[in-house]
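K.L.:
Contents of protein.txt (compact mmCIF, C-alpha atoms) are below:
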# COMPACT_ATOMS: atom_id res chain seq x y z
CA MET A 1368 -71.05 58.02 -34.73
CA VAL A 1369 -73.47 55.16 -35.32
CA LEU A 1370 -74.83 53.48 -32.17
CA VAL A 1371 -75.83 49.86 -32.79
CA SER A 1372 -77.66 47.82 -30.16
CA VAL A 1373 -77.11 44.07 -30.59
CA SER A 1374 -80.21 42.68 -28.95
CA SER A 1375 -82.08 39.47 -28.30
CA SER A 1376 -85.04 38.56 -26.15
CA LYS A 1377 -83.62 35.09 -25.56
CA GLY A 1378 -80.38 34.22 -23.78
CA GLY A 1379 -77.92 31.92 -25.50
CA SER A 1380 -78.66 33.25 -28.96
CA GLY A 1381 -75.08 34.32 -29.62
CA LYS A 1382 -75.61 38.01 -28.92
CA SER A 1383 -72.27 38.67 -27.18
CA THR A 1384 -70.40 36.53 -29.70
CA THR A 1385 -71.98 38.58 -32.47
CA SER A 1386 -71.21 41.89 -30.74
CA VAL A 1387 -67.51 41.27 -30.24
CA ASN A 1388 -66.93 39.62 -33.62
CA LEU A 1389 -68.84 42.33 -35.49
CA GLY A 1390 -66.64 44.84 -33.69
CA VAL A 1391 -63.45 43.03 -34.65
CA ALA A 1392 -64.66 42.58 -38.24
CA LEU A 1393 -65.32 46.33 -38.53
CA ALA A 1394 -61.90 47.10 -37.03
CA GLN A 1395 -60.27 44.84 -39.62
CA LEU A 1396 -62.01 46.90 -42.28
CA GLY A 1397 -60.27 49.98 -40.91
CA LYS A 1398 -63.22 51.32 -38.94
CA ASP A 1399 -62.86 52.93 -35.52
CA VAL A 1400 -65.20 50.84 -33.37
CA THR A 1401 -65.97 50.56 -29.66
CA VAL A 1402 -67.87 47.61 -28.18
CA ILE A 1403 -69.59 48.27 -24.85
CA ASP A 1404 -70.77 45.55 -22.49
CA ALA A 1405 -74.18 47.04 -21.73
CA ASN A 1406 -75.23 44.02 -19.69
CA LEU A 1407 -74.74 45.16 -16.10
CA SER A 1408 -76.32 42.18 -14.34
CA THR A 1409 -74.64 39.31 -16.21
CA PRO A 1410 -71.73 40.76 -18.19
CA ASN A 1411 -69.40 38.42 -20.05
CA LEU A 1412 -67.78 40.42 -22.84
CA SER A 1413 -64.48 40.66 -20.96
CA MET A 1414 -64.39 36.88 -20.61
CA TYR A 1415 -64.50 36.59 -24.39
CA LEU A 1416 -61.27 38.58 -24.37
CA GLY A 1417 -59.45 36.80 -21.56
CA ALA A 1418 -59.64 39.68 -19.09
CA PRO A 1419 -62.50 39.13 -16.62
CA ASN A 1420 -61.10 41.32 -13.82
CA LEU A 1421 -60.14 44.68 -15.23
CA PRO A 1422 -59.38 47.57 -12.85
CA VAL A 1423 -61.82 50.09 -14.38
CA THR A 1424 -65.13 49.10 -15.94
CA LEU A 1425 -68.40 50.59 -17.13
CA HIS A 1426 -69.74 50.15 -13.60
CA HIS A 1427 -67.12 52.61 -12.30
CA VAL A 1428 -68.09 55.07 -15.02
CA LEU A 1429 -71.78 54.88 -14.18
CA LYS A 1430 -71.00 55.32 -10.48
CA GLY A 1431 -69.07 58.49 -11.26
CA GLU A 1432 -65.75 57.01 -10.19
CA ALA A 1433 -64.02 57.10 -13.59
CA HIS A 1434 -64.14 58.74 -17.01
CA ILE A 1435 -65.31 56.49 -19.83
CA HIS A 1436 -61.88 56.76 -21.48
CA GLU A 1437 -60.37 55.11 -18.39
CA ALA A 1438 -62.65 52.10 -18.91
CA THR A 1439 -61.71 51.73 -22.58
CA TYR A 1440 -59.26 48.99 -23.57
CA GLU A 1441 -57.89 48.25 -27.02
CA HIS A 1442 -57.86 44.69 -28.33
CA ALA A 1443 -55.03 43.46 -30.57
CA SER A 1444 -57.42 43.66 -33.53
CA GLY A 1445 -57.79 47.41 -33.04
CA ALA A 1446 -61.33 47.22 -31.69
CA LYS A 1447 -61.88 49.13 -28.45
CA ILE A 1448 -63.72 47.43 -25.60
CA ILE A 1449 -65.54 48.91 -22.60
CA PRO A 1450 -66.22 45.99 -20.24
CA ALA A 1451 -68.66 45.77 -17.36
CA SER A 1452 -67.76 44.42 -13.93
CA ILE A 1453 -68.48 40.80 -13.07
CA SER A 1454 -68.55 41.66 -9.36
CA MET A 1455 -72.02 41.80 -7.81
CA ARG A 1456 -70.97 44.48 -5.35
CA ASN A 1457 -70.55 46.95 -8.22
CA PHE A 1458 -74.09 46.38 -9.44
CA GLU A 1459 -75.93 48.41 -6.81
CA ASN A 1460 -77.27 51.93 -7.29
CA ILE A 1461 -76.45 52.35 -10.96
CA ASP A 1462 -78.69 52.94 -13.94
CA LEU A 1463 -77.58 51.74 -17.38
CA TYR A 1464 -79.59 54.48 -19.06
CA ASP A 1465 -77.14 57.00 -17.57
CA LEU A 1466 -74.69 55.71 -20.17
CA ARG A 1467 -76.28 58.18 -22.58
CA TYR A 1468 -74.47 61.01 -20.79
CA HIS A 1469 -71.07 59.37 -21.41
CA LEU A 1470 -71.53 58.25 -25.02
CA PRO A 1471 -70.75 61.70 -26.53
CA HIS A 1472 -67.19 61.32 -25.21
CA ILE A 1473 -66.64 58.31 -27.50
CA LYS A 1474 -65.36 59.38 -30.91
CA SER A 1475 -65.56 56.01 -32.70
CA GLU A 1476 -67.36 55.68 -36.02
CA PHE A 1477 -69.30 52.70 -34.68
CA VAL A 1478 -70.35 52.00 -31.09
CA ILE A 1479 -71.80 48.55 -30.48
CA LEU A 1480 -73.92 48.03 -27.37
CA ASP A 1481 -74.01 44.41 -26.23
CA GLY A 1482 -77.20 44.50 -24.19
CA ALA A 1483 -78.79 42.06 -21.79
CA ALA A 1484 -81.13 39.40 -23.10
CA GLY A 1485 -84.82 39.77 -22.33
CA ILE A 1486 -87.39 42.53 -22.47
CA ASP A 1487 -86.95 44.22 -19.08
CA ALA A 1488 -85.67 47.76 -18.48
CA GLU A 1489 -82.02 46.72 -18.60
CA ALA A 1490 -82.51 45.01 -21.97
CA GLN A 1491 -84.46 47.95 -23.37
CA ALA A 1492 -81.99 50.66 -22.32
CA PRO A 1493 -79.40 49.91 -25.07
CA ILE A 1494 -82.19 49.91 -27.64
CA GLN A 1495 -83.40 53.28 -26.40
CA MET A 1496 -79.89 54.74 -26.66
CA SER A 1497 -79.13 53.31 -30.10
CA ASP A 1498 -79.58 54.53 -33.64
CA GLN A 1499 -79.95 51.02 -35.06
CA VAL A 1500 -80.91 47.62 -33.66
CA LEU A 1501 -79.40 44.34 -34.83
CA VAL A 1502 -81.60 41.45 -33.75
CA VAL A 1503 -79.91 38.10 -33.02
CA ALA A 1504 -81.74 34.77 -33.07
CA SER A 1505 -81.17 31.13 -33.91
CA PRO A 1506 -83.17 29.69 -36.83
CA GLU A 1507 -85.66 27.91 -34.57
CA LEU A 1508 -89.27 28.89 -34.00
CA PRO A 1509 -89.04 29.66 -30.23
CA SER A 1510 -85.99 31.89 -30.76
CA VAL A 1511 -87.54 33.67 -33.73
CA ALA A 1512 -90.79 34.15 -31.80
CA ASP A 1513 -88.80 35.76 -28.99
CA ALA A 1514 -86.89 37.87 -31.51
CA LEU A 1515 -90.22 39.32 -32.61
CA LYS A 1516 -90.51 40.83 -29.13
CA THR A 1517 -87.19 42.58 -29.66
CA VAL A 1518 -88.38 43.91 -33.01
CA ARG A 1519 -91.58 45.23 -31.44
CA ILE A 1520 -89.65 46.89 -28.59
CA ALA A 1521 -87.37 48.60 -31.11
CA GLN A 1522 -90.37 49.79 -33.07
CA HIS A 1523 -92.04 51.01 -29.86
CA HIS A 1524 -89.01 53.20 -29.17
CA GLY A 1525 -88.91 54.42 -32.77
CA LYS A 1526 -85.61 52.70 -33.58
CA HIS A 1527 -84.46 51.44 -36.96
CA VAL A 1528 -84.07 47.66 -37.09
CA ARG A 1529 -80.99 47.21 -39.28
CA GLY A 1530 -81.66 43.52 -39.75
CA VAL A 1531 -81.56 40.04 -38.26
CA VAL A 1532 -78.60 37.74 -37.71
CA LEU A 1533 -79.20 33.99 -37.52
CA THR A 1534 -76.61 32.11 -35.48
CA ARG A 1535 -75.73 28.43 -35.19
CA ALA A 1536 -77.37 27.85 -38.55
CA GLY A 1537 -76.99 25.00 -41.01
CA HIS A 1538 -79.26 22.21 -39.75
CA HIS A 1539 -81.70 20.84 -42.30
CA LEU A 1540 -84.59 21.44 -39.88
CA ASP A 1541 -83.79 25.13 -39.43
CA LEU A 1542 -86.42 27.66 -40.38
CA LYS A 1543 -85.89 28.97 -43.88
CA VAL A 1544 -84.70 32.54 -44.22
CA LYS A 1545 -87.81 33.64 -46.08
CA ASN A 1546 -89.96 32.31 -43.22
CA VAL A 1547 -87.87 34.14 -40.64
CA GLU A 1548 -88.18 37.34 -42.66
CA THR A 1549 -91.93 36.87 -42.94
CA ILE A 1550 -92.30 36.42 -39.18
CA LEU A 1551 -90.00 39.28 -38.20
CA GLU A 1552 -90.84 41.56 -41.13
CA HIS A 1553 -87.16 42.41 -41.52
CA GLN A 1554 -84.30 41.21 -43.68
CA VAL A 1555 -81.87 38.53 -42.54
CA VAL A 1556 -78.53 40.28 -43.05
CA GLY A 1557 -76.26 37.60 -41.63
CA ILE A 1558 -76.18 33.82 -41.30
CA VAL A 1559 -73.55 32.42 -38.95
CA PRO A 1560 -73.14 28.66 -39.30
CA GLU A 1561 -72.72 26.21 -36.45
CA ASP A 1562 -68.94 26.11 -36.19
CA HIS A 1563 -66.66 24.44 -33.66
CA HIS A 1564 -64.17 27.27 -34.15
CA VAL A 1565 -66.46 29.55 -32.11
CA LYS A 1566 -66.05 27.36 -29.03
CA ALA A 1567 -62.34 26.89 -29.73
CA ALA A 1568 -61.93 30.67 -29.84
CA LEU A 1569 -63.81 31.03 -26.56
CA VAL A 1570 -61.43 28.52 -24.95
CA ARG A 1571 -58.58 30.69 -26.18
CA ARG A 1572 -60.52 33.73 -24.90
CA GLU A 1573 -60.39 35.50 -28.21
CA PRO A 1574 -62.93 36.50 -30.90
CA VAL A 1575 -63.19 33.83 -33.57
CA VAL A 1576 -62.67 36.42 -36.31
CA HIS A 1577 -59.31 37.29 -34.76
CA VAL A 1578 -57.85 33.82 -34.13
CA PHE A 1579 -59.52 31.76 -36.87
CA PRO A 1580 -60.02 34.31 -39.67
CA ASN A 1581 -60.85 31.69 -42.32
CA ALA A 1582 -63.38 29.73 -40.26
CA PRO A 1583 -66.93 29.61 -41.65
CA SER A 1584 -68.26 31.66 -38.74
CA SER A 1585 -65.49 34.24 -39.19
CA ILE A 1586 -66.34 34.66 -42.87
CA ALA A 1587 -69.97 35.19 -41.89
CA TYR A 1588 -69.06 37.86 -39.33
CA LYS A 1589 -66.72 39.55 -41.82
CA LYS A 1590 -69.57 39.73 -44.32
CA LEU A 1591 -71.77 41.21 -41.59
CA GLY A 1592 -69.07 43.79 -40.89
CA ALA A 1593 -68.84 44.61 -44.59
CA TYR A 1594 -72.62 45.07 -44.64
CA PHE A 1595 -72.46 47.57 -41.77
CA ALA A 1596 -69.49 49.31 -43.37
CA GLY A 1597 -71.57 49.86 -46.49
CA ASN A 1598 -69.75 47.34 -48.66
CA PRO A 1599 -71.80 44.12 -48.65
CA GLU A 1600 -69.95 42.73 -51.67
CA PHE A 1601 -66.55 43.05 -49.96
CA PHE A 1602 -66.11 39.27 -50.06
CA THR A 1603 -66.34 37.60 -53.42
CA GLU A 1604 -67.95 34.22 -53.93
CA ASP A 1605 -64.52 32.60 -54.28
CA GLU A 1606 -63.56 33.78 -50.80
CA ILE A 1607 -66.52 32.06 -49.18
CA PRO A 1608 -65.71 28.52 -47.99
CA ARG A 1609 -67.56 25.71 -49.68
CA ILE A 1610 -69.51 24.91 -46.52
CA TYR A 1611 -70.83 28.48 -46.35
CA ARG A 1612 -71.81 28.48 -50.02
CA ALA A 1613 -73.70 25.24 -49.45
CA MET A 1614 -75.47 26.78 -46.47
CA ARG A 1615 -76.45 29.80 -48.54
CA TRP A 1616 -77.88 27.47 -51.16
CA MET A 1617 -79.82 25.63 -48.44
CA PHE A 1618 -81.39 28.90 -47.34
CA GLY A 1619 -82.14 30.01 -50.87
CA LEU A 1620 -79.56 32.82 -50.89
CA ARG A 1621 -77.86 32.01 -54.17
Could you spell out this file's structure in structure tokens?

P.N.:
Amino acid sequence: MVLVSVSSSKGGSGKSTTSVNLGVALAQLGKDVTVIDANLSTPNLSMYLGAPNLPVTLHHVLKGEAHIHEATYEHASGAKIIPASISMRNFENIDLYDLRYHLPHIKSEFVILDGAAGIDAEAQAPIQMSDQVLVVASPELPSVADALKTVRIAQHHGKHVRGVVLTRAGHHLDLKVKNVETILEHQVVGIVPEDHHVKAALVRREPVVHVFPNAPSSIAYKKLGAYFAGNPEFFTEDEIPRIYRAMRWMFGLR
């Protein structure tokens, strides 16, 4: 089992969108994957899937009221989801770091932890429990500067930073990939373009990879999934939409 923490020091970077779509992309590649909403204070993963009020959640597991299998739900894509509760009354007297005692019961090949944004204890717990950290940022200097904090936290805990994903990319004023890599000292392994299909999928309460599989953002997440699955060349150049090829050219990734 590979534990991947999808982390960002800045809210609104696309961390949850990346978590759920990476999970679905891996499931479509035939991988057994579980995505956990490891954001206890402001969870929203279940809302991406159209089920905000589920009867058993991660909060119940951490309070000792349910087994982690009871809080596991399977999406139509095949990806398994463990949501957190959106109710504030379930937030008291629980410690996210206790999740480490329940993780051995999950038998998936990949477990993705969608952590809280920031650098506090709640945000650091998924990093501490993970094997790898995927850092999410937008290609703007403030976001990348905040992402450096996430990188440093991962390094502090002795965790392997698998790479950086840039979201909402494609503007001509965006930071260039080589500059982002210089600042963060890690490779950019995914570039997700600004894409109206992401919002359209959210309105439909589904992952964009699932409902709009040929959208530019979906192709980007599928390539990210292929990278994690160990097959980065899974998609040929002909399968990449023209807009995505142009964006790669813009960033110097020919």

K.L.:
Please list as a VMD selection string every residue within 12 Å of A:His1434, counting all atoms listed in the file and excluding residues in the same chain fewer than 6 positions away.

P.N.:
chain A and resid 1423 to 1428 1449 1466 1468 to 1473

K.L.:
Residues at most 8 Å from stretch 1398-1404 of chain A, counting all atoms listed in the file, excluding those fewer than 6 positions away in the same chain, as a list in words?

P.N.:
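In the requested form, the answer reads Ser1386, Val1387, Gly1390, Pro1410, Asn1411, Leu1412, Leu1425, Gly1445, Ala1446, Lys1447, Ile1448, Ile1449, Pro1450, Ala1451, Ser1475, Glu1476, Phe1477, Val1478, Ile1479, Leu1480, Asp1481, Gly1482 and Ala1596 of chain A.
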
K.L.:
What does the distance between atom CA of A:Val1531 and atom CA of A:Val1502 come to in Å, to one decimal place?

P.N.:
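Rounded to one decimal, the two atoms are 4.7 Å apart.
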
K.L.:
Give as a compact mmCIF listing (two decimals) with C-alpha atoms, keeping the file's coordinate frame the set of residues within 10 Å of the point (-79.3, 28.9, -35.5), where distances use the file's coordinates and all atoms listed in the file.

P.N.:
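What landed in result-v9.txt:
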# COMPACT_ATOMS: atom_id res chain seq x y z
CA SER A 1380 -78.66 33.25 -28.96
CA GLY A 1381 -75.08 34.32 -29.62
CA VAL A 1503 -79.91 38.10 -33.02
CA ALA A 1504 -81.74 34.77 -33.07
CA SER A 1505 -81.17 31.13 -33.91
CA PRO A 1506 -83.17 29.69 -36.83
CA GLU A 1507 -85.66 27.91 -34.57
CA SER A 1510 -85.99 31.89 -30.76
CA VAL A 1511 -87.54 33.67 -33.73
CA VAL A 1532 -78.60 37.74 -37.71
CA LEU A 1533 -79.20 33.99 -37.52
CA THR A 1534 -76.61 32.11 -35.48
CA ARG A 1535 -75.73 28.43 -35.19
CA ALA A 1536 -77.37 27.85 -38.55
CA GLY A 1537 -76.99 25.00 -41.01
CA HIS A 1538 -79.26 22.21 -39.75
CA ASP A 1541 -83.79 25.13 -39.43
CA LEU A 1542 -86.42 27.66 -40.38
CA ILE A 1558 -76.18 33.82 -41.30
CA VAL A 1559 -73.55 32.42 -38.95
CA PRO A 1560 -73.14 28.66 -39.30
CA GLU A 1561 -72.72 26.21 -36.45

K.L.:
What does the distance between atom CA of A:Thr1517 and atom CA of A:Ser1376 come to in Å, to one decimal place?

P.N.:
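About the pair atom CA of A:Thr1517 and atom CA of A:Ser1376: they are 5.8 Å apart.
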
K.L.:
Go through A:Val1544, A:Ala1567, A:Leu1551, A:Met1496 and flag the residue nearest A:Ala1512, using only C-alpha atoms for the distances.

P.N.:
A:Leu1551

K.L.:
Name the residues in contact with A:Gly1378 at a cut-off of 9 Å, using all atoms listed in the file, excluding same-chain residues fewer than 6 positions from it; report them as JSON, numbers by chain.

P.N.:
{"A": [1483, 1484, 1485]}

K.L.:
If I take atom CA of A:Leu1515 and atom CA of A:Gly1379, how far is one from the other in Å, to one decimal?

P.N.:
16.0 Å

K.L.:
Which is closest to A:Ile1461 among A:Lys1382, A:Lys1430, A:His1539, A:His1442, if we use only C-alpha atoms?

P.N.:
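The shortest atom-to-atom distance to A:Ile1461 comes from A:Lys1430.
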
K.L.:
With all atoms listed in the file as the atoms that count, which of A:Leu1463, A:Ile1586, A:Ile1453, A:Ala1514 lies nearest to A:Ser1375?

P.N.:
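That would be A:Ala1514, the residue with the smallest distance to A:Ser1375.
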
K.L.:
How big is the axis-aligned box, and where does its centre sit, when it encloses all atoms of stretch 1521-1524 of chain A listed in the file and has 3 Å added on every side, reported in Å to one decimal as lines of an AutoDock Vina configuration file?

P.N.:
center_x = -89.7
center_y = 50.9
center_z = -31.1
size_x = 10.7
size_y = 10.6
size_z = 9.9

K.L.:
Can you tell me, as a list in words, which residues sit within 9 Å of (-51.8, 38.4, -30.1) in the file's frame, using all atoms listed in the file?

P.N.:
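Within 9 Å of (-51.8, 38.4, -30.1), the protein and nucleic acid residues are His1442, Ala1443, Ser1444, His1577 and Val1578 of chain A.
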
K.L.:
Between A:Ala1433, A:Asn1406, A:Lys1545, A:Gly1597, which one has atoms that come closest to A:Asp1487, using only C-alpha atoms?

P.N.:
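For A:Asp1487, the nearest of the given residues is A:Asn1406.
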
K.L.:
Name the closest residue to A:Glu1548 among the candidates A:Val1576, A:Ile1435, A:Ala1392, A:Val1518; distances are taken between atoms, counting only C-alpha atoms.

P.N.:
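Nearest candidate to A:Glu1548 out of A:Val1576, A:Ile1435, A:Ala1392, A:Val1518: A:Val1518.
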
K.L.:
Of the residues A:Tyr1464, A:Lys1377, A:Ala1568, A:Lys1516, which is the one nearest to A:Ile1550, using all atoms listed in the file?

P.N.:
A:Lys1516

K.L.:
Can you put N, CA, C and O atoms back into stretch 1533-1547 of chain A and show it as a PDB file, in the frame of the given file?

P.N.:
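Written file, out01.pdb:
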ATOM      1  N   LEU A1533     -78.896  35.345 -37.957  1.00  0.00           N
ATOM      2  CA  LEU A1533     -79.200  33.990 -37.520  1.00  0.00           C
ATOM      3  C   LEU A1533     -77.900  33.286 -37.157  1.00  0.00           C
ATOM      4  O   LEU A1533     -76.977  33.231 -37.969  1.00  0.00           O
ATOM      5  N   THR A1534     -77.824  32.774 -35.949  1.00  0.00           N
ATOM      6  CA  THR A1534     -76.610  32.110 -35.480  1.00  0.00           C
ATOM      7  C   THR A1534     -76.823  30.605 -35.348  1.00  0.00           C
ATOM      8  O   THR A1534     -77.954  30.124 -35.274  1.00  0.00           O
ATOM      9  N   ARG A1535     -75.715  29.890 -35.325  1.00  0.00           N
ATOM     10  CA  ARG A1535     -75.730  28.430 -35.190  1.00  0.00           C
ATOM     11  C   ARG A1535     -76.635  27.793 -36.248  1.00  0.00           C
ATOM     12  O   ARG A1535     -77.410  26.875 -35.969  1.00  0.00           O
ATOM     13  N   ALA A1536     -76.522  28.288 -37.446  1.00  0.00           N
ATOM     14  CA  ALA A1536     -77.370  27.850 -38.550  1.00  0.00           C
ATOM     15  C   ALA A1536     -76.717  26.694 -39.313  1.00  0.00           C
ATOM     16  O   ALA A1536     -75.528  26.425 -39.173  1.00  0.00           O
ATOM     17  N   GLY A1537     -77.510  26.038 -40.125  1.00  0.00           N
ATOM     18  CA  GLY A1537     -76.990  25.000 -41.010  1.00  0.00           C
ATOM     19  C   GLY A1537     -77.664  23.654 -40.892  1.00  0.00           C
ATOM     20  O   GLY A1537     -77.403  22.760 -41.686  1.00  0.00           O
ATOM     21  N   HIS A1538     -78.556  23.486 -39.892  1.00  0.00           N
ATOM     22  CA  HIS A1538     -79.260  22.210 -39.750  1.00  0.00           C
ATOM     23  C   HIS A1538     -80.409  22.143 -40.757  1.00  0.00           C
ATOM     24  O   HIS A1538     -81.051  23.158 -41.053  1.00  0.00           O
ATOM     25  N   HIS A1539     -80.672  20.951 -41.266  1.00  0.00           N
ATOM     26  CA  HIS A1539     -81.700  20.840 -42.300  1.00  0.00           C
ATOM     27  C   HIS A1539     -83.106  21.117 -41.775  1.00  0.00           C
ATOM     28  O   HIS A1539     -84.031  21.351 -42.557  1.00  0.00           O
ATOM     29  N   LEU A1540     -83.275  21.124 -40.455  1.00  0.00           N
ATOM     30  CA  LEU A1540     -84.590  21.440 -39.880  1.00  0.00           C
ATOM     31  C   LEU A1540     -84.723  22.904 -39.474  1.00  0.00           C
ATOM     32  O   LEU A1540     -85.749  23.301 -38.934  1.00  0.00           O
ATOM     33  N   ASP A1541     -83.711  23.705 -39.729  1.00  0.00           N
ATOM     34  CA  ASP A1541     -83.790  25.130 -39.430  1.00  0.00           C
ATOM     35  C   ASP A1541     -84.920  25.786 -40.214  1.00  0.00           C
ATOM     36  O   ASP A1541     -85.250  25.366 -41.333  1.00  0.00           O
ATOM     37  N   LEU A1542     -85.473  26.854 -39.637  1.00  0.00           N
ATOM     38  CA  LEU A1542     -86.420  27.660 -40.380  1.00  0.00           C
ATOM     39  C   LEU A1542     -85.731  28.269 -41.594  1.00  0.00           C
ATOM     40  O   LEU A1542     -84.570  28.664 -41.533  1.00  0.00           O
ATOM     41  N   LYS A1543     -86.439  28.357 -42.686  1.00  0.00           N
ATOM     42  CA  LYS A1543     -85.890  28.970 -43.880  1.00  0.00           C
ATOM     43  C   LYS A1543     -85.845  30.492 -43.694  1.00  0.00           C
ATOM     44  O   LYS A1543     -86.663  31.065 -42.986  1.00  0.00           O
ATOM     45  N   VAL A1544     -84.884  31.099 -44.357  1.00  0.00           N
ATOM     46  CA  VAL A1544     -84.700  32.540 -44.220  1.00  0.00           C
ATOM     47  C   VAL A1544     -85.967  33.297 -44.589  1.00  0.00           C
ATOM     48  O   VAL A1544     -86.363  34.241 -43.899  1.00  0.00           O
ATOM     49  N   LYS A1545     -86.615  32.907 -45.670  1.00  0.00           N
ATOM     50  CA  LYS A1545     -87.810  33.640 -46.080  1.00  0.00           C
ATOM     51  C   LYS A1545     -88.910  33.541 -45.027  1.00  0.00           C
ATOM     52  O   LYS A1545     -89.695  34.497 -44.843  1.00  0.00           O
ATOM     53  N   ASN A1546     -88.965  32.426 -44.288  1.00  0.00           N
ATOM     54  CA  ASN A1546     -89.960  32.310 -43.220  1.00  0.00           C
ATOM     55  C   ASN A1546     -89.604  33.191 -42.045  1.00  0.00           C
ATOM     56  O   ASN A1546     -90.480  33.804 -41.430  1.00  0.00           O
ATOM     57  N   VAL A1547     -88.311  33.247 -41.718  1.00  0.00           N
ATOM     58  CA  VAL A1547     -87.870  34.140 -40.640  1.00  0.00           C
ATOM     59  C   VAL A1547     -88.190  35.584 -40.994  1.00  0.00           C
ATOM     60  O   VAL A1547     -88.691  36.353 -40.160  1.00  0.00           O
TER      61      VAL A1547
END
